[in-house]
>>> print(open('data_14.txt').read())   # compact mmCIF, C-alpha atoms
# COMPACT_ATOMS: atom_id res chain seq x y z
CA MET A 1476 -45.99 78.25 -60.92
CA MET A 1477 -44.53 80.94 -63.17
CA LYS A 1478 -42.42 82.26 -60.27
CA ASP A 1479 -40.70 78.89 -59.93
CA VAL A 1480 -40.04 78.62 -63.67
CA ILE A 1481 -38.49 82.11 -63.79
CA PHE A 1482 -36.20 81.45 -60.80
CA LEU A 1483 -35.21 78.04 -62.20
CA LEU A 1484 -34.40 79.55 -65.59
CA LEU A 1485 -32.24 82.23 -63.96
CA THR A 1486 -30.55 79.58 -61.82
CA GLY A 1487 -29.94 77.50 -64.94
CA LEU A 1488 -28.30 80.42 -66.71
CA LEU A 1489 -25.96 81.05 -63.76
CA ALA A 1490 -25.18 77.32 -63.44
CA ALA A 1491 -24.45 77.12 -67.18
CA TYR A 1492 -22.07 80.09 -66.84
CA LEU A 1493 -20.25 78.37 -63.95
CA CYS A 1494 -19.99 75.13 -65.97
CA TRP A 1495 -18.42 77.05 -68.85
CA TYR A 1496 -16.17 78.96 -66.43
CA PHE A 1497 -14.76 75.84 -64.76
CA TYR A 1498 -14.44 74.00 -68.06
CA GLN A 1499 -12.32 76.89 -69.37
CA ARG A 1500 -10.21 76.89 -66.20
CA TYR A 1501 -9.67 73.14 -66.48
CA GLN A 1502 -8.60 73.51 -70.11
CA GLN A 1503 -6.04 76.10 -69.01
CA HIS A 1504 -4.66 74.53 -65.82
CA LYS A 1505 -5.76 70.84 -65.84
CA ALA A 1506 -6.35 71.15 -62.09
CA LEU A 1507 -8.57 68.45 -60.62
CA HIS A 1508 -10.55 70.80 -58.39
CA ASN A 1509 -12.05 72.47 -61.47
CA LEU A 1510 -13.57 69.12 -62.51
CA TYR A 1511 -15.15 68.71 -59.07
CA TYR A 1512 -16.67 72.18 -59.26
CA LEU A 1513 -17.82 71.46 -62.81
CA MET A 1514 -19.54 68.26 -61.68
CA GLY A 1515 -21.43 70.08 -58.94
CA PHE A 1516 -22.73 72.84 -61.19
CA ALA A 1517 -23.49 70.51 -64.10
CA VAL A 1518 -25.76 68.49 -61.80
CA LEU A 1519 -27.34 71.74 -60.59
CA LEU A 1520 -27.99 72.75 -64.20
CA VAL A 1521 -29.56 69.39 -65.09
CA SER A 1522 -31.59 69.34 -61.86
CA GLY A 1523 -32.97 72.79 -62.60
CA LEU A 1524 -34.02 71.77 -66.11
CA LEU A 1525 -35.73 68.62 -64.76
CA LEU A 1526 -37.61 70.72 -62.20
CA ILE A 1527 -38.83 73.04 -64.99
CA PHE A 1528 -40.08 70.23 -67.22
CA LEU A 1529 -41.24 67.68 -64.62
CA GLY A 1530 -42.22 69.91 -61.70
CA LEU A 1531 -41.15 70.07 -58.05
CA GLY A 1532 -42.86 66.74 -57.40
CA ILE A 1533 -39.78 64.88 -58.66
CA LEU A 1534 -37.95 65.96 -55.50
CA SER A 1535 -39.61 63.08 -53.68
CA SER A 1536 -37.89 60.58 -55.99
CA PRO A 1537 -35.02 58.65 -54.32
CA TYR A 1538 -33.08 58.81 -57.59
CA VAL A 1539 -33.34 62.61 -57.72
CA LEU A 1540 -32.31 62.86 -54.05
CA THR A 1541 -29.26 60.70 -54.77
CA VAL A 1542 -28.16 62.56 -57.89
CA ALA A 1543 -28.79 65.98 -56.29
CA SER A 1544 -26.36 65.08 -53.51
CA LEU A 1545 -23.61 65.40 -56.16
CA ILE A 1546 -24.07 69.19 -56.00
CA PRO A 1547 -22.67 69.70 -52.46
CA LEU A 1548 -20.33 66.75 -53.02
CA GLY A 1549 -18.72 68.33 -56.09
CA ILE A 1550 -18.36 71.80 -54.60
CA SER A 1551 -17.05 70.61 -51.22
CA MET A 1552 -14.56 68.22 -52.85
CA GLY A 1553 -13.38 71.05 -55.09
CA LEU A 1554 -12.72 73.26 -52.07
CA ALA A 1555 -10.91 70.46 -50.24
CA GLU A 1556 -8.80 69.67 -53.31
CA GLU A 1557 -7.87 73.28 -53.98
CA TYR A 1558 -7.42 74.81 -50.53
CA PHE A 1559 -7.07 72.03 -47.95
CA PRO A 1560 -4.59 69.48 -49.35
CA ALA A 1561 -3.75 68.11 -45.88
CA TRP A 1562 -7.15 66.46 -45.46
CA LYS A 1563 -8.47 66.23 -49.00
CA LYS A 1564 -7.82 62.44 -49.20
CA TYR A 1565 -9.85 61.76 -46.03
CA PHE A 1566 -12.66 64.00 -47.22
CA LYS A 1567 -12.82 62.16 -50.55
CA TRP A 1568 -13.36 58.91 -48.66
CA PHE A 1569 -16.07 60.52 -46.54
CA ALA A 1570 -17.75 61.94 -49.66
CA ALA A 1571 -17.62 58.61 -51.51
CA ILE A 1572 -19.01 56.66 -48.53
CA GLY A 1573 -21.66 59.34 -47.92
CA PHE A 1574 -22.83 59.28 -51.53
CA LEU A 1575 -23.06 55.47 -51.53
CA ALA A 1576 -24.92 55.55 -48.21
CA ILE A 1577 -27.48 58.02 -49.61
CA ALA A 1578 -27.88 55.99 -52.81
CA ILE A 1579 -28.31 52.65 -51.05
CA THR A 1580 -30.61 53.88 -48.28
CA SER A 1581 -32.74 56.04 -50.59
CA ILE A 1582 -33.17 53.66 -53.51
CA GLY A 1583 -33.34 50.64 -51.19
CA GLY A 1584 -36.08 52.22 -49.08
CA MET A 1585 -34.06 51.98 -45.84
CA ASP A 1586 -35.79 54.91 -44.17
CA SER A 1587 -34.21 54.54 -40.73
CA LEU A 1588 -30.67 54.59 -42.11
CA LYS A 1589 -31.55 57.32 -44.62
CA LYS A 1590 -32.57 59.58 -41.73
CA ILE A 1591 -28.96 59.40 -40.58
CA ALA A 1592 -27.09 59.32 -43.91
CA VAL A 1593 -28.79 62.25 -45.67
CA PRO A 1594 -28.59 64.94 -42.92
CA LEU A 1595 -25.06 63.82 -41.98
CA PHE A 1596 -23.72 64.00 -45.54
CA HIS A 1597 -25.53 67.22 -46.46
CA GLY A 1598 -24.64 68.78 -43.11
CA VAL A 1599 -20.90 68.06 -43.32
CA SER A 1600 -20.66 68.99 -47.01
CA GLY A 1601 -22.60 72.18 -46.35
CA LEU A 1602 -20.32 73.08 -43.44
CA VAL A 1603 -17.23 72.56 -45.62
CA ILE A 1604 -18.67 74.86 -48.31
CA PHE A 1605 -19.84 77.39 -45.70
CA ILE A 1606 -16.74 77.56 -43.48
CA GLY A 1607 -14.02 76.57 -45.97
CA PRO A 1608 -13.92 79.81 -48.00
CA PHE A 1609 -13.34 81.88 -44.84
CA TYR A 1610 -10.19 79.87 -44.03
CA ALA A 1611 -8.93 79.19 -47.56
CA LYS A 1612 -5.33 80.38 -47.80
CA GLY A 1613 -4.57 82.26 -50.99
CA ALA A 1614 -8.24 82.71 -51.89
CA PRO A 1615 -9.13 86.01 -53.58
CA LYS A 1616 -10.88 88.81 -51.74
CA GLY A 1617 -14.63 88.30 -51.88
CA PHE A 1618 -14.33 84.51 -51.99
CA PHE A 1619 -16.47 84.44 -48.83
CA TRP A 1620 -19.51 84.62 -51.14
CA VAL A 1621 -18.93 80.92 -51.84
CA GLY A 1622 -19.43 80.38 -48.11
CA ILE A 1623 -22.74 82.27 -48.26
CA GLY A 1624 -23.80 79.95 -51.07
CA GLY A 1625 -22.78 77.00 -48.88
CA LEU A 1626 -24.97 78.26 -46.04
CA LEU A 1627 -27.96 78.52 -48.37
CA ILE A 1628 -27.47 75.08 -49.94
CA GLY A 1629 -26.94 73.55 -46.50
CA LEU A 1630 -30.18 74.96 -45.09
CA GLY A 1631 -32.18 74.13 -48.20
CA GLY A 1632 -30.72 70.64 -48.59
CA ILE A 1633 -31.23 69.61 -44.98
CA ALA A 1634 -34.77 71.06 -44.87
CA LEU A 1635 -35.63 69.24 -48.10
CA ALA A 1636 -34.12 66.01 -46.81
CA PHE A 1637 -36.28 66.17 -43.67
CA ILE A 1638 -39.40 66.71 -45.77
CA THR A 1639 -38.66 63.73 -48.02
CA MET A 1640 -38.45 61.67 -44.82
CA GLY A 1641 -41.83 62.96 -43.62
CA LYS A 1642 -40.33 65.20 -40.92
CA GLN A 1643 -40.07 68.96 -40.43
CA LEU A 1644 -36.90 70.92 -39.61
CA LEU A 1645 -37.68 73.86 -37.30
CA PHE A 1646 -40.12 76.17 -39.15
CA PHE A 1647 -39.32 74.61 -42.56
CA SER A 1648 -42.75 73.16 -43.26
CA PRO A 1649 -43.30 71.43 -46.64
CA ASP A 1650 -45.31 74.42 -47.94
CA PHE A 1651 -42.69 76.91 -46.76
CA VAL A 1652 -39.81 74.95 -48.30
CA MET A 1653 -41.63 74.71 -51.65
CA LEU A 1654 -42.31 78.45 -51.49
CA ILE A 1655 -38.68 79.44 -50.95
CA LEU A 1656 -36.90 76.59 -52.78
CA THR A 1657 -36.54 78.14 -56.25
CA PRO A 1658 -35.58 81.65 -54.99
CA LEU A 1659 -33.12 79.94 -52.63
CA LEU A 1660 -31.53 78.03 -55.52
CA PHE A 1661 -31.18 81.28 -57.47
CA LEU A 1662 -29.64 83.19 -54.53
CA MET A 1663 -27.31 80.29 -53.78
CA THR A 1664 -26.06 80.10 -57.38
CA GLY A 1665 -25.71 83.89 -57.52
CA ALA A 1666 -23.53 83.78 -54.40
CA TYR A 1667 -21.34 81.13 -56.02
CA VAL A 1668 -20.95 83.28 -59.13
CA LEU A 1669 -19.92 86.27 -57.00
CA GLY A 1670 -17.41 84.17 -55.07
CA PHE A 1671 -15.84 82.07 -57.80
CA ALA A 1672 -15.69 84.96 -60.28
CA LYS A 1673 -13.19 86.61 -57.92
CA LYS A 1674 -10.70 83.91 -58.94
CA GLY A 1675 -10.28 85.65 -62.28
>>> encode(input="data_14.txt", output="structure tokens")
Amino acid sequence: MMKDVIFLLLTGLLAAYLCWYFYQRYQQHKALHNLYYLMGFAVLLVSGLLLIFLGLGILSSPYVLTVASLIPLGISMGLAEEYFPAWKKYFKWFAAIGFLAIAITSIGGMDSLKKIAVPLFHGVSGLVIFIGPFYAKGAPKGFFWVGIGGLLIGLGGIALAFITMGKQLLFFSPDFVMLILTPLLFLMTGAYVLGFAKKG
């Protein structure tokens, strides 16, 4: 649909801007959290381009599900690294184990375990991105927009995960999720731009 292509193109432009932004910040400060953010938005950019050229049908692929999990992983690890140093090491272990669990259960066709791994990983990562910016010490005013982006990616990611497992989350039917997915990606990325741009 043309609507999906337009929203994906706009999302791609915003994701490309954020990739450039965090690459510039890394060149200036060499801070690790900028690389984590960069990873998340680079995967978002590539995912958006794949959706444009191959269609939304690729979302059912276990490989796409696995790679797409790097989006919340990168952003949540960036927040932990930058603003929550006391527990960043533990969260890195959780993120690494969660990513491996999604990869193994998805690609290996272990549906029962995937039903636990995917919502758990996306849920916790989404909560970190949603709640973290509101408690981040030293964050600029307006950084809460990153939390709004986290709420959107959490809802979309969990709803999509349920659909790929043949289930439905609340009123998120497959048709409804496909209808709102591309506008949701655009709004999510726009919220990230508003929040991260406050960092100067």
>>> residues_around(input="data_14.txt", residues="Ile1582 (chain A)", least_positions_apart="6", cutoff="12 Å", atoms="all atoms listed in the file", output="PDB file with C-alpha atoms, keeping the file's coordinate frame")
ATOM      1  CA  SER A1535     -39.610  63.080 -53.680  1.00  0.00           C
ATOM      2  CA  SER A1536     -37.890  60.580 -55.990  1.00  0.00           C
ATOM      3  CA  PRO A1537     -35.020  58.650 -54.320  1.00  0.00           C
ATOM      4  CA  TYR A1538     -33.080  58.810 -57.590  1.00  0.00           C
ATOM      5  CA  VAL A1539     -33.340  62.610 -57.720  1.00  0.00           C
ATOM      6  CA  LEU A1540     -32.310  62.860 -54.050  1.00  0.00           C
ATOM      7  CA  THR A1541     -29.260  60.700 -54.770  1.00  0.00           C
ATOM      8  CA  VAL A1542     -28.160  62.560 -57.890  1.00  0.00           C
ATOM      9  CA  PHE A1574     -22.830  59.280 -51.530  1.00  0.00           C
ATOM     10  CA  LEU A1575     -23.060  55.470 -51.530  1.00  0.00           C
ATOM     11  CA  ALA A1576     -24.920  55.550 -48.210  1.00  0.00           C
ATOM     12  CA  LEU A1588     -30.670  54.590 -42.110  1.00  0.00           C
ATOM     13  CA  LYS A1589     -31.550  57.320 -44.620  1.00  0.00           C
TER      14      LYS A1589
END
>>> atom_distance(input="data_14.txt", atom1="CA of Leu1510 (chain A)", atom2="CA of Thr1657 (chain A)")
25.5 Å
>>> closest_atom_pairs(input="data_14.txt", of="region 1507-1604 of chain A", to="region 1611-1614 of chain A", cutoff="10 Å", atoms="all atoms listed in the file", output="Markdown table")
| residue | atom | partner | partner_atom | distance |
| --- | --- | --- | --- | --- |
| A:Leu1554 | CA | A:Ala1611 | CA | 8.4 |
| A:Ala1555 | CA | A:Ala1611 | CA | 9.3 |
| A:Glu1557 | CA | A:Ala1611 | CA | 8.8 |
| A:Tyr1558 | CA | A:Ala1611 | CA | 5.5 |
| A:Phe1559 | CA | A:Ala1611 | CA | 7.4 |
>>> closest_residue(input="data_14.txt", among="A:Ile1572, A:Leu1630, A:Val1599, A:Met1552", to="His1508 (chain A)", atoms="only C-alpha atoms")
A:Met1552
>>> closest_residue(input="data_14.txt", among="A:Leu1595, A:Val1621, A:Ala1571, A:Ile1628", to="Leu1519 (chain A)", atoms="all atoms listed in the file")
A:Ile1628
>>> atom_distance(input="data_14.txt", atom1="CA of Ala1570 (chain A)", atom2="CA of Leu1483 (chain A)")
26.9 Å
>>> residues_around(input="data_14.txt", residues="Ile1577 (chain A)", least_positions_apart="3", cutoff="6 Å", atoms="all atoms listed in the file", output="VMD selection string")
chain A and resid 1574 1580 to 1581 1592 to 1593
>>> residues_around(input="data_14.txt", residues="Leu1525 (chain A)", least_positions_apart="2", cutoff="12 Å", atoms="all atoms listed in the file", output="ChimeraX atom specification")
/A:1480,1483-1484,1487,1518-1523,1527-1534,1539,1542-1543
>>> closest_residue(input="data_14.txt", among="A:Leu1524, A:Gly1583, A:Asn1509, A:Lys1478", to="Ala1491 (chain A)", atoms="only C-alpha atoms")
A:Leu1524
>>> atom_distance(input="data_14.txt", atom1="CA of Val1668 (chain A)", atom2="CA of Ala1490 (chain A)")
8.5 Å
>>> residues_around(input="data_14.txt", residues="Leu1602 (chain A)", least_positions_apart="3", cutoff="9 Å", atoms="only C-alpha atoms", output="PyMOL selection string")
chain A and resi 1551+1597-1599+1605-1607+1622+1625-1626+1629
>>> decode(input="data_14.txt", residues="region 1604-1620 of chain A", atoms="N, CA and C atoms", output="mmCIF file, in the first residue's frame")
data_model
loop_
_atom_site.group_PDB
_atom_site.id
_atom_site.type_symbol
_atom_site.label_atom_id
_atom_site.label_comp_id
_atom_site.auth_asym_id
_atom_site.auth_seq_id
_atom_site.Cartn_x
_atom_site.Cartn_y
_atom_site.Cartn_z
ATOM 1 N N ILE A 1604 13.108 1.451 28.071
ATOM 2 C CA ILE A 1604 13.082 2.625 27.185
ATOM 3 C C ILE A 1604 11.949 3.569 27.577
ATOM 4 N N PHE A 1605 10.828 2.998 28.048
ATOM 5 C CA PHE A 1605 9.677 3.820 28.424
ATOM 6 C C PHE A 1605 9.909 4.557 29.746
ATOM 7 N N ILE A 1606 10.346 3.829 30.776
ATOM 8 C CA ILE A 1606 10.458 4.407 32.116
ATOM 9 C C ILE A 1606 11.802 5.114 32.326
ATOM 10 N N GLY A 1607 12.869 4.557 31.726
ATOM 11 C CA GLY A 1607 14.213 5.094 31.949
ATOM 12 C C GLY A 1607 14.363 6.597 31.765
ATOM 13 N N PRO A 1608 13.879 7.167 30.643
ATOM 14 C CA PRO A 1608 14.073 8.603 30.423
ATOM 15 C C PRO A 1608 13.443 9.502 31.488
ATOM 16 N N PHE A 1609 12.415 9.003 32.179
ATOM 17 C CA PHE A 1609 11.760 9.810 33.217
ATOM 18 C C PHE A 1609 12.580 9.843 34.505
ATOM 19 N N TYR A 1610 13.511 8.891 34.645
ATOM 20 C CA TYR A 1610 14.332 8.820 35.859
ATOM 21 C C TYR A 1610 15.811 9.061 35.576
ATOM 22 N N ALA A 1611 16.142 9.394 34.342
ATOM 23 C CA ALA A 1611 17.543 9.584 33.960
ATOM 24 C C ALA A 1611 18.088 10.876 34.549
ATOM 25 N N LYS A 1612 19.055 10.745 35.442
ATOM 26 C CA LYS A 1612 19.661 11.923 36.068
ATOM 27 C C LYS A 1612 20.559 12.639 35.073
ATOM 28 N N GLY A 1613 20.406 13.939 34.993
ATOM 29 C CA GLY A 1613 21.229 14.734 34.091
ATOM 30 C C GLY A 1613 20.723 14.779 32.668
ATOM 31 N N ALA A 1614 19.584 14.136 32.410
ATOM 32 C CA ALA A 1614 19.020 14.160 31.054
ATOM 33 C C ALA A 1614 18.436 15.536 30.757
ATOM 34 N N PRO A 1615 18.496 15.981 29.510
ATOM 35 C CA PRO A 1615 17.970 17.304 29.166
ATOM 36 C C PRO A 1615 16.455 17.357 29.258
ATOM 37 N N LYS A 1616 15.940 18.556 29.398
ATOM 38 C CA LYS A 1616 14.488 18.749 29.437
ATOM 39 C C LYS A 1616 13.883 18.318 28.095
ATOM 40 N N GLY A 1617 12.813 17.576 28.167
ATOM 41 C CA GLY A 1617 12.189 17.084 26.940
ATOM 42 C C GLY A 1617 12.658 15.691 26.557
ATOM 43 N N PHE A 1618 13.575 15.124 27.366
ATOM 44 C CA PHE A 1618 14.090 13.783 27.071
ATOM 45 C C PHE A 1618 13.000 12.722 27.254
ATOM 46 N N PHE A 1619 11.904 13.104 27.913
ATOM 47 C CA PHE A 1619 10.798 12.160 28.133
ATOM 48 C C PHE A 1619 10.219 11.651 26.818
ATOM 49 N N TRP A 1620 10.453 12.382 25.714
ATOM 50 C CA TRP A 1620 9.954 11.934 24.413
ATOM 51 C C TRP A 1620 10.546 10.570 24.029
#
